[in-house]
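Coordinates as given in data_16.cif (mmCIF, C-alpha atoms and all ligand atoms):
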```cif
data_upload
loop_
_atom_site.group_PDB
_atom_site.id
_atom_site.type_symbol
_atom_site.label_atom_id
_atom_site.label_comp_id
_atom_site.auth_asym_id
_atom_site.auth_seq_id
_atom_site.Cartn_x
_atom_site.Cartn_y
_atom_site.Cartn_z
ATOM 1 C CA MET V 1 0.000 0.000 0.000
ATOM 2 C CA GLU V 2 2.649 2.475 1.217
ATOM 3 C CA ARG V 3 4.834 1.586 -1.658
ATOM 4 C CA SER V 4 2.137 2.386 -4.157
ATOM 5 C CA VAL V 5 1.487 5.822 -2.557
ATOM 6 C CA GLY V 6 5.216 6.540 -2.638
ATOM 7 C CA GLY V 7 5.315 5.458 -6.281
ATOM 8 C CA ASP V 8 2.455 7.836 -7.110
ATOM 9 C CA MET V 9 4.207 10.764 -5.458
ATOM 10 C CA GLY V 10 7.437 9.967 -7.294
ATOM 11 C CA GLY V 11 5.510 9.887 -10.574
ATOM 12 C CA LYS V 12 3.934 13.297 -9.902
ATOM 13 C CA GLU V 13 7.317 14.851 -9.073
ATOM 14 C CA ASP V 14 8.797 13.431 -12.254
ATOM 15 C CA ALA V 15 5.933 14.864 -14.304
ATOM 16 C CA LYS V 16 6.380 18.290 -12.689
ATOM 17 C CA MET V 17 10.115 18.275 -13.372
ATOM 18 C CA LEU V 18 9.520 17.332 -16.987
ATOM 19 C CA GLU V 19 6.910 20.084 -17.333
ATOM 20 C CA ASN V 20 9.363 22.641 -15.903
ATOM 21 C CA THR V 21 12.128 21.526 -18.231
ATOM 22 C CA VAL V 22 9.826 21.775 -21.278
ATOM 23 C CA LYS V 23 8.655 25.251 -20.161
ATOM 24 C CA GLN V 24 12.244 26.400 -19.725
ATOM 25 C CA PHE V 25 13.167 25.069 -23.141
ATOM 26 C CA ILE V 26 10.195 26.791 -24.830
ATOM 27 C CA GLU V 27 11.098 30.031 -23.069
ATOM 28 C CA TYR V 28 14.710 29.690 -24.243
ATOM 29 C CA VAL V 29 13.673 29.050 -27.865
ATOM 30 C CA ARG V 30 11.225 32.026 -27.738
ATOM 31 C CA LYS V 31 13.992 34.338 -26.509
ATOM 32 C CA GLN V 32 16.407 33.135 -29.166
ATOM 33 C CA VAL V 33 13.809 33.621 -31.887
ATOM 34 C CA GLU V 34 12.983 37.134 -30.704
ATOM 35 C CA GLU V 35 16.644 38.101 -30.728
ATOM 36 C CA GLN V 36 17.217 36.886 -34.309
ATOM 37 C CA ASP V 37 16.703 38.733 -37.584
ATOM 38 C CA PRO V 38 13.359 37.506 -39.145
ATOM 39 C CA VAL V 39 14.974 37.274 -42.611
ATOM 40 C CA PHE V 40 17.597 34.912 -41.186
ATOM 41 C CA LEU V 41 14.893 32.774 -39.554
ATOM 42 C CA ILE V 42 12.866 32.540 -42.765
ATOM 43 C CA SER V 43 15.979 31.439 -44.660
ATOM 44 C CA VAL V 44 16.654 28.731 -42.061
ATOM 45 C CA VAL V 45 13.069 27.439 -42.355
ATOM 46 C CA VAL V 46 13.222 27.459 -46.182
ATOM 47 C CA ALA V 47 16.576 25.647 -46.166
ATOM 48 C CA LEU V 48 15.241 22.988 -43.784
ATOM 49 C CA ALA V 49 12.123 22.490 -45.923
ATOM 50 C CA ALA V 50 14.292 22.129 -49.049
ATOM 51 C CA ILE V 51 16.461 19.486 -47.339
ATOM 52 C CA ILE V 52 13.405 17.496 -46.187
ATOM 53 C CA ILE V 53 11.754 17.623 -49.638
ATOM 54 C CA THR V 54 15.007 16.528 -51.334
ATOM 55 C CA CYS V 55 15.373 13.580 -48.934
ATOM 56 C CA VAL V 56 11.771 12.441 -49.553
ATOM 57 C CA PHE V 57 12.237 12.707 -53.350
ATOM 58 C CA LEU V 58 15.555 10.877 -53.305
ATOM 59 C CA LYS V 59 14.153 8.052 -51.198
ATOM 60 C CA TYR V 60 11.129 7.663 -53.499
ATOM 61 C CA PHE V 61 13.249 7.869 -56.644
ATOM 62 C CA LEU V 62 15.944 5.443 -55.496
ATOM 63 C CA THR V 63 13.593 2.819 -54.033
ATOM 64 C CA SER V 64 11.282 2.800 -57.051
ATOM 65 C CA LYS V 65 14.332 2.271 -59.288
ATOM 66 C CA THR V 66 15.904 -0.507 -57.283
ATOM 67 C CA VAL V 67 12.712 -2.424 -56.551
ATOM 68 C CA ARG V 68 11.361 -2.572 -60.113
ATOM 69 C CA SER V 69 14.070 -4.552 -61.860
ATOM 70 C CA ALA V 70 12.137 -7.673 -62.868
ATOM 71 C CA VAL V 71 11.222 -8.759 -66.368
ATOM 72 C CA LEU V 72 8.265 -11.145 -66.184
ATOM 73 C CA LEU V 73 7.568 -13.851 -68.745
ATOM 74 C CA VAL V 74 3.815 -14.436 -68.756
ATOM 75 C CA GLY V 75 1.321 -16.073 -71.096
ATOM 76 C CA LEU V 76 -0.918 -19.097 -71.531
ATOM 77 C CA CYS V 77 0.286 -22.667 -70.981
ATOM 78 C CA ASP V 78 2.639 -23.990 -73.680
ATOM 79 C CA SER V 79 3.261 -20.618 -75.311
ATOM 80 C CA GLY V 80 7.019 -21.140 -74.849
ATOM 81 C CA LYS V 81 7.896 -19.033 -71.784
ATOM 82 C CA THR V 82 10.252 -21.559 -70.179
ATOM 83 C CA LEU V 83 12.124 -22.252 -73.417
ATOM 84 C CA LEU V 84 12.430 -18.503 -74.084
ATOM 85 C CA PHE V 85 13.688 -18.079 -70.508
ATOM 86 C CA SER V 86 16.372 -20.695 -71.140
ATOM 87 C CA ARG V 87 17.321 -19.151 -74.510
ATOM 88 C CA LEU V 88 17.610 -15.657 -73.038
ATOM 89 C CA VAL V 89 19.604 -16.718 -69.976
ATOM 90 C CA SER V 90 21.936 -19.348 -71.418
ATOM 91 C CA GLY V 91 21.150 -19.497 -75.131
ATOM 92 C CA LYS V 92 20.590 -23.236 -74.782
ATOM 93 C CA PHE V 93 17.707 -25.528 -75.720
ATOM 94 C CA LYS V 94 15.960 -27.209 -72.806
ATOM 95 C CA ARG V 95 13.299 -29.902 -72.803
ATOM 96 C CA THR V 96 10.467 -28.352 -70.800
ATOM 97 C CA GLN V 97 7.486 -29.486 -68.788
ATOM 98 C CA THR V 98 4.480 -27.461 -67.645
ATOM 99 C CA SER V 99 5.832 -25.110 -65.008
ATOM 100 C CA ILE V 100 4.279 -25.310 -61.565
ATOM 101 C CA THR V 101 6.379 -22.648 -59.924
ATOM 102 C CA ASP V 102 8.384 -19.562 -60.847
ATOM 103 C CA SER V 103 12.060 -19.545 -61.732
ATOM 104 C CA SER V 104 14.349 -16.573 -61.984
ATOM 105 C CA ALA V 105 17.839 -15.726 -63.196
ATOM 106 C CA PRO V 106 19.839 -12.580 -63.902
ATOM 107 C CA TYR V 107 19.628 -11.395 -67.511
ATOM 108 C CA LYS V 108 22.164 -8.956 -68.930
ATOM 109 C CA ALA V 109 20.627 -6.725 -71.579
ATOM 110 C CA LYS V 110 22.419 -6.653 -74.929
ATOM 111 C CA SER V 111 22.886 -2.892 -74.896
ATOM 112 C CA ASP V 112 25.861 -0.566 -74.350
ATOM 113 C CA LYS V 113 24.760 -0.030 -70.761
ATOM 114 C CA GLY V 114 24.324 -3.786 -70.271
ATOM 115 C CA THR V 115 21.895 -3.429 -67.377
ATOM 116 C CA THR V 116 21.188 -6.642 -65.508
ATOM 117 C CA TRP V 117 17.504 -7.450 -64.963
ATOM 118 C CA THR V 118 15.964 -10.324 -63.063
ATOM 119 C CA LEU V 119 14.169 -12.490 -65.593
ATOM 120 C CA ILE V 120 11.260 -14.382 -64.020
ATOM 121 C CA ASP V 121 9.422 -17.248 -65.736
ATOM 122 C CA LEU V 122 5.857 -17.575 -64.419
ATOM 123 C CA PRO V 123 3.631 -20.645 -64.739
ATOM 124 C CA GLY V 124 0.885 -20.230 -67.335
ATOM 125 C CA HIS V 125 -1.563 -22.737 -65.865
ATOM 126 C CA ASP V 126 -5.041 -21.314 -65.143
ATOM 127 C CA SER V 127 -4.983 -22.213 -61.469
ATOM 128 C CA LEU V 128 -1.527 -20.759 -60.754
ATOM 129 C CA ARG V 129 -1.424 -17.725 -63.019
ATOM 130 C CA ALA V 130 -3.188 -15.212 -60.768
ATOM 131 C CA GLN V 131 -1.261 -15.978 -57.588
ATOM 132 C CA TYR V 132 2.142 -15.683 -59.294
ATOM 133 C CA LEU V 133 1.169 -12.488 -61.056
ATOM 134 C CA GLU V 134 0.087 -11.058 -57.706
ATOM 135 C CA LYS V 135 3.464 -11.983 -56.226
ATOM 136 C CA PHE V 136 5.627 -10.331 -58.898
ATOM 137 C CA LYS V 137 3.551 -7.616 -60.581
ATOM 138 C CA SER V 138 4.751 -4.747 -58.392
ATOM 139 C CA ALA V 139 8.412 -5.551 -59.197
ATOM 140 C CA ALA V 140 7.892 -5.593 -62.974
ATOM 141 C CA ARG V 141 10.015 -3.284 -65.062
ATOM 142 C CA ALA V 142 8.719 -5.025 -68.179
ATOM 143 C CA ILE V 143 6.237 -7.772 -68.974
ATOM 144 C CA VAL V 144 6.953 -10.144 -71.848
ATOM 145 C CA PHE V 145 3.575 -11.552 -72.823
ATOM 146 C CA VAL V 146 4.288 -14.724 -74.793
ATOM 147 C CA VAL V 147 1.757 -15.866 -77.403
ATOM 148 C CA ASP V 148 1.737 -19.172 -79.307
ATOM 149 C CA SER V 149 1.315 -17.725 -82.814
ATOM 150 C CA ALA V 150 0.701 -21.172 -84.331
ATOM 151 C CA ILE V 151 -2.559 -21.804 -82.455
ATOM 152 C CA PHE V 152 -3.459 -18.173 -81.831
ATOM 153 C CA GLN V 153 -6.737 -18.403 -83.761
ATOM 154 C CA LYS V 154 -7.952 -21.104 -81.370
ATOM 155 C CA GLU V 155 -6.754 -19.305 -78.248
ATOM 156 C CA VAL V 156 -7.545 -15.686 -79.095
ATOM 157 C CA ARG V 157 -10.305 -15.415 -76.480
ATOM 158 C CA ASP V 158 -8.156 -16.853 -73.659
ATOM 159 C CA VAL V 159 -5.183 -14.709 -74.637
ATOM 160 C CA ALA V 160 -7.367 -11.580 -74.636
ATOM 161 C CA GLU V 161 -8.878 -12.475 -71.251
ATOM 162 C CA PHE V 162 -5.437 -12.848 -69.687
ATOM 163 C CA LEU V 163 -4.260 -9.581 -71.260
ATOM 164 C CA TYR V 164 -7.394 -7.841 -70.011
ATOM 165 C CA VAL V 165 -6.598 -8.878 -66.429
ATOM 166 C CA LEU V 166 -3.053 -7.512 -66.804
ATOM 167 C CA LEU V 167 -3.994 -4.249 -68.473
ATOM 168 C CA THR V 168 -6.781 -3.313 -66.059
ATOM 169 C CA ASP V 169 -4.762 -4.082 -62.941
ATOM 170 C CA SER V 170 -4.356 -0.954 -60.824
ATOM 171 C CA VAL V 171 -0.752 -1.730 -59.767
ATOM 172 C CA ILE V 172 0.335 -2.391 -63.356
ATOM 173 C CA CYS V 173 -1.417 0.737 -64.629
ATOM 174 C CA ARG V 174 0.294 2.807 -61.934
ATOM 175 C CA ASN V 175 3.801 1.394 -62.542
ATOM 176 C CA THR V 176 3.382 1.207 -66.351
ATOM 177 C CA PRO V 177 5.961 -1.529 -67.089
ATOM 178 C CA THR V 178 6.837 -1.892 -70.791
ATOM 179 C CA LEU V 179 4.654 -4.541 -72.431
ATOM 180 C CA LEU V 180 6.377 -6.716 -75.023
ATOM 181 C CA VAL V 181 3.994 -9.072 -76.785
ATOM 182 C CA ALA V 182 6.254 -11.855 -78.068
ATOM 183 C CA CYS V 183 4.511 -13.680 -80.915
ATOM 184 C CA ASN V 184 6.437 -16.920 -80.474
ATOM 185 C CA LYS V 185 6.694 -20.129 -82.573
ATOM 186 C CA GLN V 186 7.186 -18.210 -85.840
ATOM 187 C CA ASP V 187 9.091 -21.265 -87.153
ATOM 188 C CA ILE V 188 5.759 -23.066 -87.623
ATOM 189 C CA THR V 189 4.247 -22.453 -91.071
ATOM 190 C CA MET V 190 0.749 -21.767 -89.741
ATOM 191 C CA ALA V 191 1.994 -19.053 -87.370
ATOM 192 C CA LYS V 192 0.127 -15.731 -87.452
ATOM 193 C CA SER V 193 2.107 -12.520 -87.881
ATOM 194 C CA ALA V 194 2.577 -9.996 -85.058
ATOM 195 C CA LYS V 195 0.503 -7.440 -86.964
ATOM 196 C CA LEU V 196 -2.466 -9.780 -87.341
ATOM 197 C CA ILE V 197 -2.221 -10.848 -83.696
ATOM 198 C CA GLN V 198 -2.252 -7.207 -82.614
ATOM 199 C CA GLN V 199 -5.318 -6.405 -84.727
ATOM 200 C CA GLN V 200 -7.245 -9.444 -83.514
ATOM 201 C CA LEU V 201 -6.380 -8.740 -79.887
ATOM 202 C CA GLU V 202 -7.535 -5.130 -80.205
ATOM 203 C CA LYS V 203 -10.860 -6.365 -81.579
ATOM 204 C CA GLU V 204 -11.236 -9.026 -78.886
ATOM 205 C CA LEU V 205 -10.262 -6.663 -76.050
ATOM 206 C CA ASN V 206 -12.801 -4.157 -77.327
ATOM 207 C CA THR V 207 -15.548 -6.772 -77.031
ATOM 208 C CA LEU V 208 -14.297 -7.922 -73.639
ATOM 209 C CA ARG V 209 -14.334 -4.365 -72.351
ATOM 210 C CA VAL V 210 -18.040 -4.028 -73.122
ATOM 211 C CA THR V 211 -19.005 -7.348 -71.519
ATOM 212 C CA ARG V 212 -16.745 -6.851 -68.485
ATOM 213 C CA SER V 213 -17.926 -3.339 -67.679
ATOM 214 C CA ALA V 214 -21.553 -4.488 -68.002
ATOM 215 C CA ALA V 215 -20.814 -7.337 -65.570
ATOM 216 C CA LEU V 216 -19.050 -4.964 -63.173
ATOM 217 C CA GLY V 217 -22.017 -2.609 -63.188
ATOM 218 C CA SER V 218 -24.320 -5.358 -61.972
ATOM 219 C CA GLN V 219 -21.961 -6.537 -59.233
ATOM 220 C CA ASP V 220 -22.082 -3.365 -57.120
ATOM 221 C CA GLY V 221 -18.313 -2.871 -57.314
ATOM 222 C CA SER V 222 -17.221 -6.113 -55.633
ATOM 223 C CA VAL V 223 -14.384 -6.448 -58.141
ATOM 224 C CA GLY V 224 -12.434 -3.406 -57.013
ATOM 225 C CA GLY V 225 -9.107 -1.951 -58.100
ATOM 226 C CA SER V 226 -9.542 -2.437 -61.814
ATOM 227 C CA VAL V 227 -8.893 0.367 -64.279
ATOM 228 C CA PHE V 228 -10.908 1.145 -67.436
ATOM 229 C CA LEU V 229 -9.174 -0.275 -70.502
ATOM 230 C CA GLY V 230 -8.170 2.311 -73.119
ATOM 231 C CA ARG V 231 -10.181 5.453 -73.831
ATOM 232 C CA LYS V 232 -13.882 5.784 -73.114
ATOM 233 C CA GLY V 233 -16.019 6.236 -76.215
ATOM 234 C CA LYS V 234 -13.290 5.010 -78.585
ATOM 235 C CA ASP V 235 -12.547 1.585 -80.043
ATOM 236 C CA PHE V 236 -9.710 -0.018 -78.111
ATOM 237 C CA GLU V 237 -6.167 0.314 -79.468
ATOM 238 C CA PHE V 238 -2.917 -0.599 -77.715
ATOM 239 C CA SER V 239 -1.655 2.951 -78.362
ATOM 240 C CA GLN V 240 -4.206 4.233 -75.807
ATOM 241 C CA LEU V 241 -2.486 2.419 -72.950
ATOM 242 C CA PRO V 242 -0.350 4.313 -70.420
ATOM 243 C CA MET V 243 2.651 1.993 -70.963
ATOM 244 C CA ARG V 244 4.920 1.418 -73.979
ATOM 245 C CA VAL V 245 3.631 -1.566 -75.972
ATOM 246 C CA GLU V 246 5.574 -3.452 -78.619
ATOM 247 C CA PHE V 247 4.576 -6.467 -80.712
ATOM 248 C CA LEU V 248 7.445 -8.628 -81.957
ATOM 249 C CA GLU V 249 7.988 -11.978 -83.638
ATOM 250 C CA CYS V 250 10.312 -14.674 -82.324
ATOM 251 C CA SER V 251 10.833 -18.415 -82.125
ATOM 252 C CA ALA V 252 12.466 -20.164 -79.207
ATOM 253 C CA LEU V 253 12.908 -23.255 -81.363
ATOM 254 C CA SER V 254 14.295 -23.660 -84.834
ATOM 255 C CA ASN V 255 12.323 -25.843 -87.230
ATOM 256 C CA LYS V 256 15.508 -27.481 -88.462
ATOM 257 C CA ALA V 257 16.760 -29.183 -85.328
ATOM 258 C CA GLU V 258 15.783 -29.125 -81.670
ATOM 259 C CA GLU V 259 19.119 -27.784 -80.526
ATOM 260 C CA GLY V 260 19.360 -25.434 -83.471
ATOM 261 C CA GLU V 261 19.530 -21.678 -83.365
ATOM 262 C CA ALA V 262 16.547 -19.802 -82.002
ATOM 263 C CA ASP V 263 15.407 -16.501 -83.414
ATOM 264 C CA ILE V 264 15.030 -14.208 -80.441
ATOM 265 C CA LYS V 265 16.920 -11.193 -81.775
ATOM 266 C CA SER V 266 13.857 -8.931 -81.874
ATOM 267 C CA LEU V 267 13.077 -9.773 -78.254
ATOM 268 C CA GLU V 268 16.657 -9.129 -77.178
ATOM 269 C CA LYS V 269 16.593 -5.813 -79.039
ATOM 270 C CA SER V 270 13.442 -4.709 -77.238
ATOM 271 C CA LEU V 271 14.840 -5.827 -73.879
ATOM 272 C CA ALA V 272 17.948 -3.733 -74.571
ATOM 273 C CA LYS V 273 15.770 -0.614 -74.735
ATOM 274 C CA LEU V 274 14.322 -0.952 -71.210
HETATM 275 N N1 LIG U 1 8.005 -25.048 -82.764
HETATM 276 C C1 LIG U 1 8.231 -24.347 -81.659
HETATM 277 N N2 LIG U 1 8.020 -24.904 -80.463
HETATM 278 C C2 LIG U 1 8.267 -24.175 -79.350
HETATM 279 C C3 LIG U 1 8.725 -22.844 -79.429
HETATM 280 N N3 LIG U 1 8.858 -22.376 -78.166
HETATM 281 C C4 LIG U 1 8.496 -23.367 -77.352
HETATM 282 N N4 LIG U 1 8.148 -24.471 -78.044
HETATM 283 C C5 LIG U 1 7.720 -25.751 -77.511
HETATM 284 O O1 LIG U 1 6.454 -25.563 -76.908
HETATM 285 C C6 LIG U 1 6.316 -26.397 -75.764
HETATM 286 C C7 LIG U 1 5.975 -25.574 -74.552
HETATM 287 O O2 LIG U 1 7.039 -24.748 -74.217
HETATM 288 P P1 LIG U 1 7.286 -24.217 -72.730
HETATM 289 O O3 LIG U 1 8.436 -23.292 -72.773
HETATM 290 O O4 LIG U 1 7.346 -25.339 -71.770
HETATM 291 O O5 LIG U 1 5.918 -23.452 -72.498
HETATM 292 P P2 LIG U 1 5.489 -22.585 -71.219
HETATM 293 O O6 LIG U 1 4.912 -21.329 -71.756
HETATM 294 O O7 LIG U 1 6.607 -22.467 -70.253
HETATM 295 O O8 LIG U 1 4.306 -23.431 -70.605
HETATM 296 P P3 LIG U 1 3.820 -23.491 -69.070
HETATM 297 O O9 LIG U 1 5.017 -23.666 -68.226
HETATM 298 O O10 LIG U 1 2.889 -24.647 -69.030
HETATM 299 O O11 LIG U 1 3.105 -22.209 -68.806
HETATM 300 C C8 LIG U 1 7.655 -27.140 -75.637
HETATM 301 O O12 LIG U 1 7.528 -28.412 -76.213
HETATM 302 C C9 LIG U 1 8.617 -26.276 -76.417
HETATM 303 O O13 LIG U 1 9.686 -27.014 -76.939
HETATM 304 C C10 LIG U 1 8.931 -22.272 -80.737
HETATM 305 O O14 LIG U 1 9.307 -21.111 -80.903
HETATM 306 N N5 LIG U 1 8.654 -23.067 -81.797
HETATM 307 MG MG MG U 2 6.871 -23.047 -68.355
#
```

Can the structure from this file be put into structure tokens for me?
Amino acid sequence: MERSVGGDMGGKEDAKMLENTVKQFIEYVRKQVEEQDPVFLISVVVALAAIIITCVFLKYFLTSKTVRSAVLLVGLCDSGKTLLFSRLVSGKFKRTQTSITDSSAPYKAKSDKGTTWTLIDLPGHDSLRAQYLEKFKSAARAIVFVVDSAIFQKEVRDVAEFLYVLLTDSVICRNTPTLLVACNKQDITMAKSAKLIQQQLEKELNTLRVTRSAALGSQDGSVGGSVFLGRKGKDFEFSQLPMRVEFLECSALSNKAEEGEADIKSLEKSLAKL
């Protein structure tokens, strides 16, 4: 009992002492301020504000540059992401199986600067796609969207649906990573050209935009965080997007021999411009 009363008194004394010290300090600062030239004081305040603003800017600028250094390989199953990954990293052919997890490796761009990016191969399977995209999307400097040009006609709807998810994502729209649509498997005779793939995707995305926004309207906003695709009141075109978009043709496999040369020069050229 006694101890607790003593403790209370000690606490009160401490509080009083602290109050006195603070008062004395405020009084001291007030006196100092009064004695100074106001022009000098204003310059000190302005200089301090400039230092704080510079620090905040530098921190934001440096962190956003260091964090976003990933190049993601995304696309439907069997489009050739893993083989392209292997070709870009080591130049070698690799027998692949459906990926069930991500794999990453440093990739040195073929430019004068020779920046090293982290190349990340994501699984294309329906059930894994979303979770891996979620994991890596905020780190993306560029997204290589791989399309199987040989069976594009059959897959156009699925390809457009996946692209729609990417292009209306709020994080991706804010960070605006470069989008490289790699029209792969050009070694196959039936392969569609990059130009045709672009036109068909624009048409398909235009249709999807109408159906998706109608569905969103009836769901009282439960699917939040998605951005309108392209420009309202205009047919969709890739040029309306906030990020740089490039369509290119490549083949991760030569039609002559399995281990033969791949044709990924256009992809390497685009990656050099990041
Ligand atoms: N002809 C031809 N075949 C290719 C080309 N690129 C990849 N392939 C083949 O297509 C198949 C699928 O390639 P992967 O690299 O495993 O495909 P993926 O996109 O990683 O597939 P998931 O991991 O399931 O998402 C393999 O048999 C590859 O050898 C190409 O440019 N031309
Ligand atoms: Mg794979």

What would the selection look like, as a CSV table (one decimal) with C-alpha atoms, keeping the file's coordinate frame, if the PyMOL selection byres (((not hetatm)) within 12 of (chain U and resi 2)) were run on the coordinates I just shared?
```csv
chain,number,residue,atom,x,y,z
V,73,LEU,CA,7.6,-13.9,-68.7
V,74,VAL,CA,3.8,-14.4,-68.8
V,75,GLY,CA,1.3,-16.1,-71.1
V,76,LEU,CA,-0.9,-19.1,-71.5
V,77,CYS,CA,0.3,-22.7,-71.0
V,78,ASP,CA,2.6,-24.0,-73.7
V,79,SER,CA,3.3,-20.6,-75.3
V,80,GLY,CA,7.0,-21.1,-74.8
V,81,LYS,CA,7.9,-19.0,-71.8
V,82,THR,CA,10.3,-21.6,-70.2
V,83,LEU,CA,12.1,-22.3,-73.4
V,84,LEU,CA,12.4,-18.5,-74.1
V,85,PHE,CA,13.7,-18.1,-70.5
V,86,SER,CA,16.4,-20.7,-71.1
V,94,LYS,CA,16.0,-27.2,-72.8
V,95,ARG,CA,13.3,-29.9,-72.8
V,96,THR,CA,10.5,-28.4,-70.8
V,97,GLN,CA,7.5,-29.5,-68.8
V,98,THR,CA,4.5,-27.5,-67.6
V,99,SER,CA,5.8,-25.1,-65.0
V,100,ILE,CA,4.3,-25.3,-61.6
V,101,THR,CA,6.4,-22.6,-59.9
V,102,ASP,CA,8.4,-19.6,-60.8
V,103,SER,CA,12.1,-19.5,-61.7
V,104,SER,CA,14.3,-16.6,-62.0
V,120,ILE,CA,11.3,-14.4,-64.0
V,121,ASP,CA,9.4,-17.2,-65.7
V,122,LEU,CA,5.9,-17.6,-64.4
V,123,PRO,CA,3.6,-20.6,-64.7
V,124,GLY,CA,0.9,-20.2,-67.3
V,125,HIS,CA,-1.6,-22.7,-65.9
V,128,LEU,CA,-1.5,-20.8,-60.8
V,129,ARG,CA,-1.4,-17.7,-63.0
V,146,VAL,CA,4.3,-14.7,-74.8
```

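What the PyMOL selection byres (((chain V and resi 235) around 10) and not hetatm) picks from this file is Glu202, Lys203, Leu205, Asn206, Thr207, Arg209, Gly230, Arg231, Lys232, Gly233, Lys234, Phe236, Glu237 and Gln240 of chain V.
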
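The space separating atom CA of V:Ala272 from atom CA of V:Leu179 comes to 13.5 Å.
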
Nearest to ligand LIG 1 (chain U) by atom-to-atom distance, counting all atoms listed in the file, from V:Glu34, V:Glu13, V:Glu19, V:Asp126: V:Asp126

Polymer residues at most 8 Å from V:Glu204, only C-alpha atoms, same-chain spacing of 6 or more positions, as a list in words: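 The residues satisfying every condition are Val156, Arg157 and Ala160 of chain V.
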
Restricted to C-alpha atoms, what would the selected residues look like written as a PDB file, keeping the file's coordinate frame?
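result.pdb, written as the output of this step:
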```pdb
ATOM      1  CA  VAL V 156      -7.545 -15.686 -79.095  1.00  0.00           C
ATOM      2  CA  ARG V 157     -10.305 -15.415 -76.480  1.00  0.00           C
ATOM      3  CA  ALA V 160      -7.367 -11.580 -74.636  1.00  0.00           C
TER       4      ALA V 160
END
```

Residue with smallest distance to V:Leu119 - pool V:Val22, V:Leu271, V:Ala47, V:Ile197, counting all atoms listed in the file: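 The answer is V:Leu271, which sits nearest to V:Leu119.
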
V:Trp117 environment, 7 Å, only C-alpha atoms, sequence neighbours closer than 6 positions dropped, as a list of chain:residue names: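 So, after excluding close chain neighbours, the residues are V:Ser69, V:Ala70, V:Val71, V:Pro106, V:Tyr107, V:Lys108.
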
Distance of atom CA of V:Val46 from atom CA of V:Gln32, expressed in Å to one decimal place: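 Computing it gives 18.2 Å between the two atoms.
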
V:Arg68, V:Lys135, V:Arg87, V:Arg174 ranked by distance to ligand LIG 1 (chain U), top pick (using only C-alpha atoms and all ligand atoms):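 Of V:Arg68, V:Lys135, V:Arg87, V:Arg174, the one nearest ligand LIG 1 (chain U) is V:Arg87, counting only C-alpha atoms and all ligand atoms.
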
Hits from the PyMOL selection byres (((chain V and resi 266) around 7) and not hetatm), listed as number ranges by chain: V: 248-250, 264-265, 267-270

Let me know the centre plus edge lengths, in Å and rounded to one decimal, of a box with edges along x, y and z that contains all listed atoms of ligand LIG 1 (chain U) and is padded by 3 Å on every side, as AutoDock Vina command-line options.
```
--center_x 6.3 --center_y -24.8 --center_z -75.5 --size_x 12.8 --size_y 13.3 --size_z 20.5
```

Option closest in space to ligand LIG 1 (chain U), from V:Ala150, V:Ile53, V:Leu208, V:Leu241 [counting all atoms listed in the file]: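 When distances to ligand LIG 1 (chain U) are compared using all atoms listed in the file, the smallest one comes from V:Ala150.
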
May I ask you to restore N, CA and C atoms in stretch 35-46 of chain V and write the result as a PDB file, keeping the file's coordinate frame?
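As written to disk, part.pdb reads:
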```
ATOM      1  N   GLU V  35      15.379  37.364 -30.555  1.00  0.00           N
ATOM      2  CA  GLU V  35      16.644  38.101 -30.728  1.00  0.00           C
ATOM      3  C   GLU V  35      17.154  38.051 -32.172  1.00  0.00           C
ATOM      4  N   GLN V  36      16.687  37.063 -32.952  1.00  0.00           N
ATOM      5  CA  GLN V  36      17.217  36.886 -34.309  1.00  0.00           C
ATOM      6  C   GLN V  36      16.534  37.796 -35.321  1.00  0.00           C
ATOM      7  N   ASP V  37      17.247  37.984 -36.460  1.00  0.00           N
ATOM      8  CA  ASP V  37      16.703  38.733 -37.584  1.00  0.00           C
ATOM      9  C   ASP V  37      15.654  37.851 -38.294  1.00  0.00           C
ATOM     10  N   PRO V  38      14.401  38.359 -38.525  1.00  0.00           N
ATOM     11  CA  PRO V  38      13.359  37.506 -39.145  1.00  0.00           C
ATOM     12  C   PRO V  38      13.766  36.962 -40.511  1.00  0.00           C
ATOM     13  N   VAL V  39      14.552  37.744 -41.275  1.00  0.00           N
ATOM     14  CA  VAL V  39      14.974  37.274 -42.611  1.00  0.00           C
ATOM     15  C   VAL V  39      15.841  36.022 -42.468  1.00  0.00           C
ATOM     16  N   PHE V  40      16.728  36.065 -41.430  1.00  0.00           N
ATOM     17  CA  PHE V  40      17.597  34.912 -41.186  1.00  0.00           C
ATOM     18  C   PHE V  40      16.759  33.670 -40.823  1.00  0.00           C
ATOM     19  N   LEU V  41      15.748  33.900 -39.985  1.00  0.00           N
ATOM     20  CA  LEU V  41      14.893  32.774 -39.554  1.00  0.00           C
ATOM     21  C   LEU V  41      14.157  32.157 -40.732  1.00  0.00           C
ATOM     22  N   ILE V  42      13.605  33.043 -41.595  1.00  0.00           N
ATOM     23  CA  ILE V  42      12.866  32.540 -42.765  1.00  0.00           C
ATOM     24  C   ILE V  42      13.811  31.712 -43.648  1.00  0.00           C
ATOM     25  N   SER V  43      15.044  32.196 -43.818  1.00  0.00           N
ATOM     26  CA  SER V  43      15.979  31.439 -44.660  1.00  0.00           C
ATOM     27  C   SER V  43      16.287  30.078 -44.059  1.00  0.00           C
ATOM     28  N   VAL V  44      16.396  30.029 -42.700  1.00  0.00           N
ATOM     29  CA  VAL V  44      16.654  28.731 -42.061  1.00  0.00           C
ATOM     30  C   VAL V  44      15.501  27.770 -42.314  1.00  0.00           C
ATOM     31  N   VAL V  45      14.255  28.294 -42.151  1.00  0.00           N
ATOM     32  CA  VAL V  45      13.069  27.439 -42.355  1.00  0.00           C
ATOM     33  C   VAL V  45      13.022  26.939 -43.803  1.00  0.00           C
ATOM     34  N   VAL V  46      13.264  27.846 -44.758  1.00  0.00           N
ATOM     35  CA  VAL V  46      13.222  27.459 -46.182  1.00  0.00           C
ATOM     36  C   VAL V  46      14.287  26.408 -46.474  1.00  0.00           C
TER      37      VAL V  46
END
```
